[in-house]
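Colleague: Contents of my_file-v1.cif (mmCIF, C-alpha atoms, pLDDT in the B column; chains and numbers go by the auth columns):
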```cif
data_my_file
#
loop_
_atom_site.group_PDB
_atom_site.id
_atom_site.type_symbol
_atom_site.label_atom_id
_atom_site.label_comp_id
_atom_site.label_asym_id
_atom_site.label_seq_id
_atom_site.Cartn_x
_atom_site.Cartn_y
_atom_site.Cartn_z
_atom_site.B_iso_or_equiv
_atom_site.auth_seq_id
_atom_site.auth_asym_id
ATOM 1 C CA MET A 1 112.177 89.936 99.855 88.00 730 A
ATOM 2 C CA LYS A 2 111.149 91.951 96.834 93.00 731 A
ATOM 3 C CA ILE A 3 107.367 92.057 96.384 92.00 732 A
ATOM 4 C CA VAL A 4 105.459 93.393 93.364 94.00 733 A
ATOM 5 C CA ILE A 5 101.688 93.668 93.780 93.00 734 A
ATOM 6 C CA THR A 6 99.504 94.284 90.737 92.00 735 A
ATOM 7 C CA GLY A 7 95.774 94.854 90.620 90.00 736 A
ATOM 8 C CA LYS A 8 93.760 94.042 87.511 89.00 737 A
ATOM 9 C CA GLU A 9 90.243 95.467 87.534 83.00 738 A
ATOM 10 C CA LEU A 10 90.818 95.826 91.276 83.00 739 A
ATOM 11 C CA LYS A 11 92.855 98.440 93.119 86.00 740 A
ATOM 12 C CA ALA A 12 95.656 97.177 95.340 86.00 741 A
ATOM 13 C CA THR A 13 94.967 99.304 98.406 88.00 742 A
ATOM 14 C CA GLU A 14 97.515 100.000 101.116 93.00 743 A
ATOM 15 C CA ALA A 15 95.657 97.594 103.451 93.00 744 A
ATOM 16 C CA ILE A 16 95.885 94.776 100.896 91.00 745 A
ATOM 17 C CA LYS A 17 99.579 95.474 100.296 92.00 746 A
ATOM 18 C CA GLU A 18 100.331 95.361 104.025 94.00 747 A
ATOM 19 C CA TYR A 19 98.314 92.156 104.408 94.00 748 A
ATOM 20 C CA VAL A 20 100.188 90.444 101.554 93.00 749 A
ATOM 21 C CA GLU A 21 103.579 91.561 102.910 93.00 750 A
ATOM 22 C CA LYS A 22 102.718 90.274 106.385 94.00 751 A
ATOM 23 C CA LYS A 23 101.545 86.914 105.034 93.00 752 A
ATOM 24 C CA LEU A 24 104.602 86.488 102.781 92.00 753 A
ATOM 25 C CA GLU A 25 106.824 86.695 105.863 90.00 754 A
ATOM 26 C CA ARG A 26 105.708 83.101 106.532 90.00 755 A
ATOM 27 C CA ILE A 27 107.348 82.045 103.257 89.00 756 A
ATOM 28 C CA GLU A 28 110.495 84.061 103.890 87.00 757 A
ATOM 29 C CA ARG A 29 111.473 81.996 106.924 87.00 758 A
ATOM 30 C CA TYR A 30 111.934 78.894 104.731 88.00 759 A
ATOM 31 C CA PHE A 31 114.577 80.637 102.611 87.00 760 A
ATOM 32 C CA GLU A 32 116.655 82.614 105.125 84.00 761 A
ATOM 33 C CA GLY A 33 119.530 84.424 103.469 85.00 762 A
ATOM 34 C CA GLU A 34 118.226 83.771 99.958 88.00 763 A
ATOM 35 C CA GLU A 35 117.040 86.424 97.510 91.00 764 A
ATOM 36 C CA ILE A 36 113.287 86.036 97.079 92.00 765 A
ATOM 37 C CA ASN A 37 111.166 87.727 94.419 94.00 766 A
ATOM 38 C CA ALA A 38 107.406 87.611 94.847 94.00 767 A
ATOM 39 C CA SER A 39 104.828 88.651 92.289 95.00 768 A
ATOM 40 C CA VAL A 40 101.220 89.001 93.433 95.00 769 A
ATOM 41 C CA THR A 41 98.307 89.713 91.106 94.00 770 A
ATOM 42 C CA ILE A 42 94.828 90.382 92.416 94.00 771 A
ATOM 43 C CA LYS A 43 91.747 90.630 90.254 93.00 772 A
ATOM 44 C CA SER A 44 88.004 90.434 90.335 90.00 773 A
ATOM 45 C CA GLN A 45 85.877 88.392 87.940 87.00 774 A
ATOM 46 C CA ARG A 46 82.163 88.708 88.415 87.00 775 A
ATOM 47 C CA GLU A 47 81.693 88.013 92.121 89.00 776 A
ATOM 48 C CA MET A 48 84.933 86.077 92.626 92.00 777 A
ATOM 49 C CA GLN A 49 88.159 87.554 94.007 93.00 778 A
ATOM 50 C CA ILE A 50 91.271 85.941 92.512 93.00 779 A
ATOM 51 C CA ALA A 51 94.764 86.053 93.977 94.00 780 A
ATOM 52 C CA GLU A 52 97.782 84.725 92.089 95.00 781 A
ATOM 53 C CA MET A 53 101.162 84.486 93.796 95.00 782 A
ATOM 54 C CA GLN A 54 104.448 83.526 92.222 95.00 783 A
ATOM 55 C CA ILE A 55 107.638 83.123 94.243 94.00 784 A
ATOM 56 C CA ASN A 56 111.051 82.936 92.581 94.00 785 A
ATOM 57 C CA VAL A 57 113.882 81.688 94.767 91.00 786 A
ATOM 58 C CA LYS A 58 117.096 79.861 93.889 86.00 787 A
ATOM 59 C CA GLY A 59 116.021 79.735 90.239 85.00 788 A
ATOM 60 C CA CYS A 60 112.802 77.887 91.094 90.00 789 A
ATOM 61 C CA ASN A 61 109.295 79.228 90.564 93.00 790 A
ATOM 62 C CA ILE A 62 106.503 78.359 92.965 92.00 791 A
ATOM 63 C CA ARG A 63 102.996 79.435 91.981 95.00 792 A
ATOM 64 C CA ALA A 64 99.543 79.392 93.549 95.00 793 A
ATOM 65 C CA VAL A 65 96.214 80.689 92.237 95.00 794 A
ATOM 66 C CA THR A 66 92.940 80.668 94.169 95.00 795 A
ATOM 67 C CA GLU A 67 89.569 82.303 93.879 93.00 796 A
ATOM 68 C CA THR A 68 86.961 82.893 96.547 94.00 797 A
ATOM 69 C CA LYS A 69 84.337 85.509 97.263 94.00 798 A
ATOM 70 C CA ASP A 70 86.749 87.186 99.715 92.00 799 A
ATOM 71 C CA LEU A 71 90.144 88.492 98.543 92.00 800 A
ATOM 72 C CA TYR A 72 91.755 88.015 101.960 93.00 801 A
ATOM 73 C CA ALA A 73 90.637 84.363 101.997 94.00 802 A
ATOM 74 C CA SER A 74 92.193 83.885 98.539 94.00 803 A
ATOM 75 C CA ILE A 75 95.472 85.340 99.803 94.00 804 A
ATOM 76 C CA ASP A 76 95.402 83.071 102.867 94.00 805 A
ATOM 77 C CA LYS A 77 94.781 79.967 100.738 95.00 806 A
ATOM 78 C CA ASN A 78 97.699 80.873 98.470 94.00 807 A
ATOM 79 C CA ILE A 79 100.056 81.215 101.422 94.00 808 A
ATOM 80 C CA ASP A 80 98.954 77.792 102.687 93.00 809 A
ATOM 81 C CA ILE A 81 99.584 76.291 99.230 93.00 810 A
ATOM 82 C CA LEU A 82 103.013 77.908 98.939 91.00 811 A
ATOM 83 C CA GLU A 83 104.059 76.713 102.383 89.00 812 A
#
```
Please lay out the structure from this file as structure tokens.

Modeller:
Amino acid sequence: MKIVITGKELKATEAIKEYVEKKLERIERYFEGEEINASVTIKSQREMQIAEMQINVKGCNIRAVTETKDLYASIDKNIDILE
């Protein structure tokens, strides 16, 4: 799986990158043997933390966007949506 993590107005720390990679492993098991490209954008707007995930596999795009007060919670919700 190829993962690109981008931070807008928010730095994508090593801890966040590792957390996203670990969580995306849940998606990877649905597409064994397929080439998967994941794009993750994290940003902060006022007091909300927004995570946007886009998965491209087999020519299909799957996208999820959530916002909460906790970035890790936003990431978790996106993974649930994508699954």

Colleague: Tell me which of A:Ile765, A:Ala780, A:Ile745, A:Val733 sits closest to A:Glu796, counting all atoms listed in the file.

Modeller: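 Residue with the minimum atom-to-atom distance to A:Glu796: A:Ala780.
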
Colleague: Using the chain letters and numbering of this document, enumerate as an MDAnalysis selection string the residues selected by the PyMOL selection byres ((chain A and resi 785) around 9).

Modeller: chainID A and resid 764:768 783:784 786:792

Colleague: Nearest to A:Met777: which of A:Ala741, A:Ala802, A:Leu811, A:Ile734 is it, counting all atoms listed in the file?

Modeller: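 Nearest candidate to A:Met777 out of A:Ala741, A:Ala802, A:Leu811, A:Ile734: A:Ala802.
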
Colleague: Residues picked by the PyMOL selection byres ((chain A and resi 810) around 12) here, as a list in words?

Modeller: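 Checked against the file, the PyMOL selection byres ((chain A and resi 810) around 12) matches Leu753, Arg755, Ile756, Glu781, Met782, Gln783, Ile784, Ile791, Arg792, Ala793, Val794, Thr795, Ser803, Ile804, Asp805, Lys806, Asn807, Ile808, Asp809, Leu811 and Glu812 of chain A.
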
Colleague: Can you list, as a PyMOL selection string, every protein, DNA or RNA residue that comes within 9 Å of A:Glu776 when you count only C-alpha atoms, leaving out same-chain residues fewer than 3 positions away?

Modeller: chain A and resi 773+797-798

Colleague: Report, in Å to a single decimal, how far apart atom CA of A:Lys772 and atom CA of A:Leu739 are.

Modeller: 5.4 Å
